[in-house]
Every structure is written in C-alpha cells, then in structure tokens.
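**Q** Pasting a structure here, questions to come.
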Amino acid sequence: MLSVIEAQERILRAVAPLAVEMVSLQFALGRILAKDSVCPLDLPPFNNSGMDGYAVLAEDTVGASEANPVKLKVLGTVAAGDWWIDPLRAGQALRIMTGALIPPGADAVVMVEKTRPSADIVEILQQAKSGQNIRPKGEDVPQGKTVIREGTRLRAAEVGLLASMGFASVPVHGQPRVAVISTGDELVEVDQPLPPGKIRDSNSYAVGAATQRAGALLHSRHHVEDDPEALRSCLESLLPQVDMILTTGGVSVGDFDVVKAVVGDLGDINFWKVAMKPGKPLVFADLRGKPMFGLPGNPVSSLVTFELFVRPTLLKMQGTRNLQRPAVTTMVMQECRSSEQREEFVRARTIYENGQYQSRLCGDQGSGRLSSLVEANSLLVIPAEVTRVPAGALVTAIMTDWEE
Ligand code: AMP
Ligand code: MG
C-alpha cells in the first residue's frame, strides 16, 4: 500500500498549473500571480514631504532654536497634488503638506510643531538636516525591481502595490472548477425530511466548502445513488465542464461500492488505497485528462483526505508555490493510541500556552464523528510504526486552521 507521502508525490506529478488568464485588479484578491511583477516606475514617483510643515533650505536653518529662531519668508503653500515650479532661494520657505512634491531648491522639511508662523513669515525653531522629512523618489520600490514573485497569492498589500504600479489587470493562474458528487442510497438533500434509515448528505457541502477554501471554484454539487449507470452518466456529463471531479463514498469493499468500478471503466486508476487512518480507501484517477478523487464516505475521512491530497492538488493547479500547511512541534496532553500499521492523523486542538504548543485530542476519533472536526484546528501526525504516544510526548501538528 502507498504511504501518504508516496501518494502525494504521485498525485502532484500527475497535475500541472492551469492556463494563465488576465483578471481585473479589483477581482485579483486571493488569486495566484502568474508572472513576476517588475516595477515600471519609481515609488514614490517623486521626492515628497513626509510631514506637514515648511520646505526650507537646510543651510538657512543653521543654529536655529527656540531662543534663537531663524526667520524665513513664506512664498505660499504646496498641497499634496500641487506642482510648485519656482526654485526656493535663500531666506525663503514654503508651507508644505504631507505627500506634496518637494519644490526645487528645498532640501528639508521642518515639521509644523517646530515652527512659529506669523503673517508671511515663519520662525524656524530647530536646525534642519539636509533630507530631513523628505521621502525620496524610489525609496519604497525603485524602477525595475521585481516586487511580487510569480506563484504569490495576492493579499491586500499586493493588490495595493499592483495599483501603485499602474496595473489595472494582472496575469493569474486559472482557478480549478470542481464538481462534487456524493454517492449513496442513504442520502437525502439538506432541505428534505428524513425517512427511517436515511441521513442528510453533508459531504457534498463540506467537501464543496473545503474546495472553495482552497481557492478553487465549486462548479456544482450532485447526489447519485449507488447505481453504476447513474454515476457513469453523471461523470460523463460533468467531465467537459470541469477541471476536477470529487466523489465521496462508495470506494470501500461494500456490496454497493460502485465508484472504483465505474472510474476504472471510464479512465485510469492511479491508486485506490493509502496506508493512513482515517481514510484508507481513496481513489485517484485520470478521467479523460482530468484528475478525479474518490474520497471515502465517512465525513471525517472525506475531509481529512481532502486536506492531505486534494488541497495540495488544487493549490498546484492554481500555480501556488507553497503547497504545505504550517506545521509545529507540539506536546500531546493525553496518551494517544494508534493500533494499526497505518500513519494516523489525529484530530486535535493545538494552542500556544506557557511557551510551547500543546495539543488536546478532540475526543473519540471515530471517522463518522464530524463534530470532532468542528473542535479541531490541527491534525497530529502519528507515524505508521508508532502504536502509543504517551502524554507529554512531542509530535508534529499540521495546522489546518492556523488563525482560528
Ligand atoms: P461509504 O464509503 O459509502 O461506505 O460510506 C461510509 C459511511 O459514510 C457510511 O456511514 C455513509 O452513510 C457515510 N456517508 C457516505 N456519504 C455521505 C455523505 N455524503 N454525507 C454524510 N455521510 C455519508
Ligand atoms: Mg456508500
């Protein structure tokens, strides 16, 4: 059986980033930049005032103090956005506002708190150094510098910088369109009453939500019964419209587990088992050039296998450079048993307390217990050969929800 890492490597070898598209800057948040962004101008584009105050010639202010102010003649006011053309000469000053272009001749700005204005004269109360309170042209980003690398997910700061550089639209990698299909005769849609023996389909919602959180587009959700023909026609009609198909359920060895058979018929199965818990049965296939995952039906297994396999795949298809969640070394606060020869991913709540990370298990680890994932913010990784982790031992936690 493949290990988790072997399965991940196989999957990532099989998928490539989607084609590049241009997107208007206002819709670029969260998208992955597809080309290095080189600054076409100096930022800021001109020397400007860092303060409200007076633009002066520094040498005019030599020796200035409260007791011994230097008097300068004020020629006028330069507001942000103004363009003052006449050079400033010895003995002159200009009232100037933050962000305003430094007038020719001036080489310092004295903050307003260090001045005493009266009519068209200003008294300077402190000696100024050349360059003081001036933000020089290009100090933020010089022209020609590569400021944002290809593969970066655009946040508010990147979007702002792209605007400063004058990019109304930017090249980004495509977002995978993903269809999610729940399989199972026992499932009813969320707004339907529950007859005996039935449960609501939660996987198509949970897996659909995880898809969106990974930056992909949820194309559609579907439910098919455990019927090979129904599944086959659903897959065939969706394939031309999407970049990836996810199914849940029907991949184990129960009598009604149809996914493996239908997918094997329609495409090529890469693998169908991974040595992990939860989630041993897991189909990865190529359906007419599109990646397809058959996730297990148990709600926890479907989300954990999504986390470990589907999320990195969707990130790679979006062109993201970093496919990994952050991980920390943490102390388990309770004994943790793991009986099987499979790598185990234990739901836990990990917090930073008393100078170290500490993890508490989220109760019984049954793979049907979706509520345990509601409490969890991390998965503790228990290697295949380990069967018991004593309280107080250190393990690795994958932080699935770092911020919450
Ligand atoms: P299966 O993998 O189809 O054998 O399903 C394993 C378990 O997960 C069974 O208890 C199913 O009822 C449950 N299950 C399967 N699909 C879903 C779903 N879409 N929503 C909630 N539970 C499901
Ligand atoms: Mg089933």
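Ligands are numbered from 1 in the order shown, residues from 1 within each chain, and chains are lettered A, B, ... in the order they appear in the structure tokens.
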Which residues are close to stretch 221-232 of chain A, i.e. within 8 Å by only C-alpha atoms, leaving aside same-chain residues fewer than 3 positions away? Reply as a PyMOL selection string.

**A** chain A and resi 179-185+187+204-205+208+218+235-236+250+256-259+261-263+266

**Q** For A:Leu101, find every residue with an atom within 8 Å (counting only C-alpha atoms), except residues of its own chain fewer than 5 positions away, and show them as a CSV table (one decimal) with N, CA and C atoms, in the first residue's frame.

**A**
```csv
chain,number,residue,atom,x,y,z
A,46,PHE,N,8.2,60.7,-6.9
A,46,PHE,CA,9.0,62.0,-6.8
A,46,PHE,C,9.3,62.2,-5.3
A,47,ASN,N,10.3,63.0,-5.0
A,47,ASN,CA,10.6,63.4,-3.7
A,47,ASN,C,9.4,64.1,-3.1
A,48,ASN,N,9.0,63.7,-1.9
A,48,ASN,CA,7.8,64.3,-1.3
A,48,ASN,C,7.9,64.5,0.2
A,49,SER,N,7.1,65.3,0.7
A,49,SER,CA,7.2,65.6,2.1
A,49,SER,C,6.6,64.5,3.0
A,78,VAL,N,2.2,74.5,-0.7
A,78,VAL,CA,2.1,73.4,-1.6
A,78,VAL,C,1.4,72.3,-1.0
A,80,ALA,N,-0.6,68.4,-1.2
A,80,ALA,CA,-0.5,67.2,-1.9
A,80,ALA,C,-1.1,67.3,-3.3
A,81,GLY,N,-0.4,66.9,-4.3
A,81,GLY,CA,-1.0,67.0,-5.7
A,81,GLY,C,-0.6,68.3,-6.4
A,82,ASP,N,-0.1,69.3,-5.7
A,82,ASP,CA,0.3,70.6,-6.3
A,82,ASP,C,1.7,70.4,-7.0
A,83,TRP,N,2.0,71.3,-7.9
A,83,TRP,CA,3.3,71.2,-8.5
A,83,TRP,C,3.9,72.7,-8.5
A,84,TRP,N,4.8,72.9,-7.6
A,84,TRP,CA,5.4,74.3,-7.4
A,84,TRP,C,6.7,74.3,-8.3
```

**Q** Skipping near chain neighbours, those fewer than 3 positions away, what residues fall within 10 Å of A:Ser130 using only C-alpha atoms, listed as a VMD selection string?

**A** chain A and resid 56 to 59 106 to 109 127 133 to 134

**Q** Write out, as a CSV table (one decimal), in the first residue's frame, the residues just selected, with C-alpha atoms.

**A**
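Saved file selection_39.csv follows:
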```csv
chain,number,residue,atom,x,y,z
A,56,VAL,CA,13.4,75.0,3.5
A,57,LEU,CA,17.0,75.2,2.5
A,58,ALA,CA,18.7,73.3,5.4
A,59,GLU,CA,21.6,75.7,5.4
A,106,ALA,CA,14.3,72.9,-1.0
A,107,ASP,CA,16.2,70.1,0.7
A,108,ALA,CA,14.5,69.7,4.1
A,109,VAL,CA,11.1,69.9,5.7
A,127,GLN,CA,18.1,73.4,12.9
A,133,ASN,CA,11.4,64.6,6.5
A,134,ILE,CA,11.8,64.1,2.7
```

**Q** So which residues touch A:Ala285 within 10 Å, counting only C-alpha atoms, skipping near sequence neighbours fewer than 6 positions away, as a PDB file with C-alpha atoms, in the first residue's frame?

**A**
```pdb
ATOM      1  CA  ILE A  11      -0.690  12.968  -7.406  1.00  0.00           C
ATOM      2  CA  ALA A  14       0.214  13.999 -12.442  1.00  0.00           C
ATOM      3  CA  ILE A 245     -14.167  15.739 -10.091  1.00  0.00           C
ATOM      4  CA  LYS A 260     -13.969   2.168  -8.233  1.00  0.00           C
ATOM      5  CA  VAL A 263     -13.987   5.041 -12.669  1.00  0.00           C
ATOM      6  CA  GLY A 264     -11.780   2.119 -13.716  1.00  0.00           C
ATOM      7  CA  LEU A 266     -14.104   5.341 -17.707  1.00  0.00           C
ATOM      8  CA  GLY A 267     -10.465   6.242 -17.087  1.00  0.00           C
ATOM      9  CA  ASP A 268      -7.203   5.141 -15.477  1.00  0.00           C
ATOM     10  CA  ILE A 269      -6.955   4.469 -11.755  1.00  0.00           C
ATOM     11  CA  ASN A 270      -3.573   5.615 -10.450  1.00  0.00           C
ATOM     12  CA  PHE A 271      -4.092   4.126  -6.971  1.00  0.00           C
ATOM     13  CA  TRP A 272      -7.003   3.258  -4.709  1.00  0.00           C
ATOM     14  CA  PRO A 291      -7.847  14.485 -12.098  1.00  0.00           C
ATOM     15  CA  MET A 292     -10.516  12.631 -10.136  1.00  0.00           C
ATOM     16  CA  PHE A 293     -10.537  11.730  -6.442  1.00  0.00           C
ATOM     17  CA  GLY A 294     -12.878   9.145  -4.986  1.00  0.00           C
TER      18      GLY A 294
END
```

**Q** Go through A:Ser220, A:Gln132, A:Thr247, A:Gln341 one by one, measure the shortest atom-to-atom distance of each to ligand 2 using only C-alpha atoms and all ligand atoms, and give the residue with the smallest value.

**A**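 Closest to ligand 2 of all the choices is A:Thr247.
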
**Q** Step one, run DSSP on the backbone; step two, keep only residues of stretch 196-371 of chain A assigned to strand (DSSP E); then write them as a PyMOL selection string.

**A** chain A and resi 199-200+217-224+244-248+268-273+276-277+281-287+290-295+327-332+336-337+343-353+356-361

**Q** Tell me, in Å to one decimal, how far atom CA of A:Asn68 is from atom CA of A:Asp86.

**A** 28.7 Å

**Q** Give me every helix (DSSP H, G or I) residue in stretch 93-278 of chain A, going by DSSP on the backbone, as a PyMOL selection string.

**A** chain A and resi 112-114+156-164+203-213+228-241+259-266

**Q** Tell me which protein, DNA and RNA residues are within 9 Å of A:Asp52, counting only C-alpha atoms, leaving out same-chain ones fewer than 3 positions away, and put them as a list in words.

**A**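 Near A:Asp52, the qualifying residues are Ser49, Arg95, Ile96, Met97, Thr98, Gly99, Val109, Val110, Met111 and Val112 of chain A.
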
**Q** Mind dumping the selected residues with all heavy atoms as a PDB file, in the first residue's frame?

**A**
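Wrote it out as selection-v6.pdb, contents follow:
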```pdb
ATOM      1  N   SER A  49       7.079  65.324   0.699  1.00  0.00           N
ATOM      2  CA  SER A  49       7.177  65.643   2.124  1.00  0.00           C
ATOM      3  C   SER A  49       6.584  64.531   2.978  1.00  0.00           C
ATOM      4  O   SER A  49       5.497  64.031   2.695  1.00  0.00           O
ATOM      5  CB  SER A  49       6.443  66.949   2.419  1.00  0.00           C
ATOM      6  OG  SER A  49       6.535  67.215   3.810  1.00  0.00           O
ATOM      7  N   ARG A  95       5.052  76.696   2.888  1.00  0.00           N
ATOM      8  CA  ARG A  95       4.197  75.816   3.692  1.00  0.00           C
ATOM      9  C   ARG A  95       3.982  74.565   2.829  1.00  0.00           C
ATOM     10  O   ARG A  95       3.663  74.673   1.647  1.00  0.00           O
ATOM     11  CB  ARG A  95       2.865  76.544   3.938  1.00  0.00           C
ATOM     12  CG  ARG A  95       1.875  75.755   4.729  1.00  0.00           C
ATOM     13  CD  ARG A  95       2.024  76.068   6.207  1.00  0.00           C
ATOM     14  NE  ARG A  95       0.943  75.460   6.975  1.00  0.00           N
ATOM     15  CZ  ARG A  95       0.997  74.260   7.545  1.00  0.00           C
ATOM     16  NH1 ARG A  95       2.082  73.518   7.432  1.00  0.00           N
ATOM     17  NH2 ARG A  95      -0.034  73.808   8.247  1.00  0.00           N
ATOM     18  N   ILE A  96       4.134  73.375   3.411  1.00  0.00           N
ATOM     19  CA  ILE A  96       4.015  72.153   2.601  1.00  0.00           C
ATOM     20  C   ILE A  96       3.260  71.076   3.369  1.00  0.00           C
ATOM     21  O   ILE A  96       3.341  71.009   4.609  1.00  0.00           O
ATOM     22  CB  ILE A  96       5.416  71.655   2.134  1.00  0.00           C
ATOM     23  CG1 ILE A  96       5.277  70.600   1.014  1.00  0.00           C
ATOM     24  CG2 ILE A  96       6.226  71.088   3.303  1.00  0.00           C
ATOM     25  CD1 ILE A  96       6.578  70.343   0.252  1.00  0.00           C
ATOM     26  N   MET A  97       2.497  70.277   2.648  1.00  0.00           N
ATOM     27  CA  MET A  97       1.674  69.233   3.268  1.00  0.00           C
ATOM     28  C   MET A  97       2.260  67.851   2.972  1.00  0.00           C
ATOM     29  O   MET A  97       2.967  67.665   1.988  1.00  0.00           O
ATOM     30  CB  MET A  97       0.232  69.277   2.728  1.00  0.00           C
ATOM     31  CG  MET A  97      -0.423  70.636   2.813  1.00  0.00           C
ATOM     32  SD  MET A  97      -0.427  71.265   4.509  1.00  0.00           S
ATOM     33  CE  MET A  97      -0.925  72.956   4.244  1.00  0.00           C
ATOM     34  N   THR A  98       1.903  66.902   3.823  1.00  0.00           N
ATOM     35  CA  THR A  98       2.369  65.513   3.641  1.00  0.00           C
ATOM     36  C   THR A  98       2.022  65.011   2.234  1.00  0.00           C
ATOM     37  O   THR A  98       0.890  65.154   1.790  1.00  0.00           O
ATOM     38  CB  THR A  98       1.695  64.596   4.680  1.00  0.00           C
ATOM     39  OG1 THR A  98       1.957  65.117   5.980  1.00  0.00           O
ATOM     40  CG2 THR A  98       2.229  63.171   4.582  1.00  0.00           C
ATOM     41  N   GLY A  99       3.006  64.460   1.569  1.00  0.00           N
ATOM     42  CA  GLY A  99       2.774  63.871   0.243  1.00  0.00           C
ATOM     43  C   GLY A  99       2.993  64.851  -0.899  1.00  0.00           C
ATOM     44  O   GLY A  99       2.995  64.450  -2.060  1.00  0.00           O
ATOM     45  N   VAL A 109      12.381  69.484   5.224  1.00  0.00           N
ATOM     46  CA  VAL A 109      11.072  69.936   5.690  1.00  0.00           C
ATOM     47  C   VAL A 109      11.145  70.007   7.212  1.00  0.00           C
ATOM     48  O   VAL A 109      11.578  69.055   7.863  1.00  0.00           O
ATOM     49  CB  VAL A 109       9.949  68.980   5.236  1.00  0.00           C
ATOM     50  CG1 VAL A 109       8.627  69.331   5.908  1.00  0.00           C
ATOM     51  CG2 VAL A 109       9.802  69.006   3.711  1.00  0.00           C
ATOM     52  N   VAL A 110      10.736  71.163   7.750  1.00  0.00           N
ATOM     53  CA  VAL A 110      10.685  71.325   9.206  1.00  0.00           C
ATOM     54  C   VAL A 110       9.246  71.090   9.628  1.00  0.00           C
ATOM     55  O   VAL A 110       8.328  71.718   9.090  1.00  0.00           O
ATOM     56  CB  VAL A 110      11.140  72.740   9.617  1.00  0.00           C
ATOM     57  CG1 VAL A 110      11.068  72.897  11.133  1.00  0.00           C
ATOM     58  CG2 VAL A 110      12.547  73.013   9.105  1.00  0.00           C
ATOM     59  N   MET A 111       9.033  70.156  10.546  1.00  0.00           N
ATOM     60  CA  MET A 111       7.663  69.853  10.941  1.00  0.00           C
ATOM     61  C   MET A 111       7.019  71.077  11.587  1.00  0.00           C
ATOM     62  O   MET A 111       7.685  71.875  12.248  1.00  0.00           O
ATOM     63  CB  MET A 111       7.600  68.628  11.864  1.00  0.00           C
ATOM     64  CG  MET A 111       8.266  68.789  13.198  1.00  0.00           C
ATOM     65  SD  MET A 111       8.589  67.191  13.992  1.00  0.00           S
ATOM     66  CE  MET A 111       6.948  66.676  14.381  1.00  0.00           C
ATOM     67  N   VAL A 112       5.706  71.180  11.401  1.00  0.00           N
ATOM     68  CA  VAL A 112       4.990  72.395  11.795  1.00  0.00           C
ATOM     69  C   VAL A 112       5.150  72.668  13.296  1.00  0.00           C
ATOM     70  O   VAL A 112       5.213  73.820  13.732  1.00  0.00           O
ATOM     71  CB  VAL A 112       3.501  72.301  11.356  1.00  0.00           C
ATOM     72  CG1 VAL A 112       2.721  71.328  12.219  1.00  0.00           C
ATOM     73  CG2 VAL A 112       2.853  73.659  11.313  1.00  0.00           C
TER      74      VAL A 112
END
```

**Q** From the list A:Phe306, A:Val274, A:Glu353, A:Glu375, which residue is nearest A:Arg10 when using only C-alpha atoms?

**A**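 Once distances to A:Arg10 are computed over only C-alpha atoms, the minimum belongs to A:Val274.
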
**Q** Let me make sure I understand: among A:Cys336, A:Val74, A:Leu282, A:Leu314, which one has the smallest atom-to-atom distance to ligand 1 if we use only C-alpha atoms and all ligand atoms?

**A** A:Leu282

**Q** List the spatial neighbours of A:Pro40 as a list of chain:residue names - criterion: any atom at most 10 Å away, only C-alpha atoms, same-chain residues fewer than 2 positions off excluded.

**A** A:Ser37, A:Val38, A:Asp42, A:Leu43, A:Val141, A:Pro142, A:Gln143, A:Gly144, A:Lys145, A:Thr146, A:Met165, A:Gly166, A:Phe167

**Q** For A:Ile148, list every protein, DNA or RNA residue within 10 Å, evaluated using only C-alpha atoms, and leave out those in the same chain fewer than 3 positions away; present the list as number ranges by chain.

**A** A: 33, 35-39, 145, 151-154, 158, 161-162

**Q** Convert the current residue selection to file output with N, CA and C atoms, as a PDB file, in the first residue's frame.

**A**
```pdb
ATOM      1  N   LEU A  33      -0.499  35.029  -8.662  1.00  0.00           N
ATOM      2  CA  LEU A  33       0.166  35.774  -9.723  1.00  0.00           C
ATOM      3  C   LEU A  33       0.929  34.813 -10.635  1.00  0.00           C
ATOM      4  N   LYS A  35       3.046  35.794 -13.228  1.00  0.00           N
ATOM      5  CA  LYS A  35       4.248  36.350 -13.834  1.00  0.00           C
ATOM      6  C   LYS A  35       4.893  37.268 -12.796  1.00  0.00           C
ATOM      7  N   ASP A  36       6.224  37.245 -12.701  1.00  0.00           N
ATOM      8  CA  ASP A  36       6.908  38.179 -11.803  1.00  0.00           C
ATOM      9  C   ASP A  36       6.443  39.587 -12.123  1.00  0.00           C
ATOM     10  N   SER A  37       6.239  40.392 -11.095  1.00  0.00           N
ATOM     11  CA  SER A  37       5.794  41.753 -11.365  1.00  0.00           C
ATOM     12  C   SER A  37       6.960  42.715 -11.135  1.00  0.00           C
ATOM     13  N   VAL A  38       7.367  43.377 -12.222  1.00  0.00           N
ATOM     14  CA  VAL A  38       8.513  44.291 -12.217  1.00  0.00           C
ATOM     15  C   VAL A  38       7.981  45.714 -12.168  1.00  0.00           C
ATOM     16  N   CYS A  39       8.522  46.503 -11.260  1.00  0.00           N
ATOM     17  CA  CYS A  39       8.001  47.857 -11.046  1.00  0.00           C
ATOM     18  C   CYS A  39       8.409  48.770 -12.210  1.00  0.00           C
ATOM     19  N   LYS A 145      12.680  46.976 -10.179  1.00  0.00           N
ATOM     20  CA  LYS A 145      12.790  45.918  -9.163  1.00  0.00           C
ATOM     21  C   LYS A 145      11.619  44.923  -9.300  1.00  0.00           C
ATOM     22  N   GLY A 151       3.599  33.015  -8.529  1.00  0.00           N
ATOM     23  CA  GLY A 151       3.272  31.978  -7.543  1.00  0.00           C
ATOM     24  C   GLY A 151       2.807  32.536  -6.205  1.00  0.00           C
ATOM     25  N   THR A 152       2.769  33.873  -6.085  1.00  0.00           N
ATOM     26  CA  THR A 152       2.329  34.507  -4.831  1.00  0.00           C
ATOM     27  C   THR A 152       0.812  34.647  -4.818  1.00  0.00           C
ATOM     28  N   ARG A 153       0.202  34.250  -3.711  1.00  0.00           N
ATOM     29  CA  ARG A 153      -1.231  34.509  -3.567  1.00  0.00           C
ATOM     30  C   ARG A 153      -1.419  35.976  -3.194  1.00  0.00           C
ATOM     31  N   LEU A 154      -2.246  36.662  -3.943  1.00  0.00           N
ATOM     32  CA  LEU A 154      -2.364  38.110  -3.776  1.00  0.00           C
ATOM     33  C   LEU A 154      -3.223  38.443  -2.561  1.00  0.00           C
ATOM     34  N   GLU A 158      -0.431  43.193  -1.717  1.00  0.00           N
ATOM     35  CA  GLU A 158      -0.005  43.015  -3.109  1.00  0.00           C
ATOM     36  C   GLU A 158      -0.959  43.745  -4.058  1.00  0.00           C
ATOM     37  N   LEU A 161      -0.085  47.382  -4.001  1.00  0.00           N
ATOM     38  CA  LEU A 161       1.171  47.667  -4.692  1.00  0.00           C
ATOM     39  C   LEU A 161       0.984  47.580  -6.211  1.00  0.00           C
ATOM     40  N   LEU A 162       0.203  46.600  -6.656  1.00  0.00           N
ATOM     41  CA  LEU A 162      -0.067  46.477  -8.104  1.00  0.00           C
ATOM     42  C   LEU A 162      -0.799  47.725  -8.602  1.00  0.00           C
TER      43      LEU A 162
END
```

**Q** Determine the nearest neighbour of ligand 2 from the options A:Ala275, A:Ile32, A:Val251, A:Val386, counting only C-alpha atoms and all ligand atoms.

**A** A:Val251

**Q** Measuring between only C-alpha atoms and all ligand atoms, which one of A:Met22, A:Val4, A:Leu41, A:Val207 shows the shortest distance to ligand 1?

**A**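 Counting only C-alpha atoms and all ligand atoms, the residue closest to ligand 1 is A:Val207.
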
**Q** Figure out the distance between atom CA of A:Ala64 and atom CA of A:Ile124, please, to one decimal in Å.

**A**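 Interatomic distance here is 6.4 Å.
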
**Q** Choose the residue, out of A:Lys277, A:Ser301, A:Thr400, A:Ser3, that has the smallest atom-to-atom separation from A:Phe345; count only C-alpha atoms.

**A**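 Smallest separation from A:Phe345 among the options: A:Lys277.
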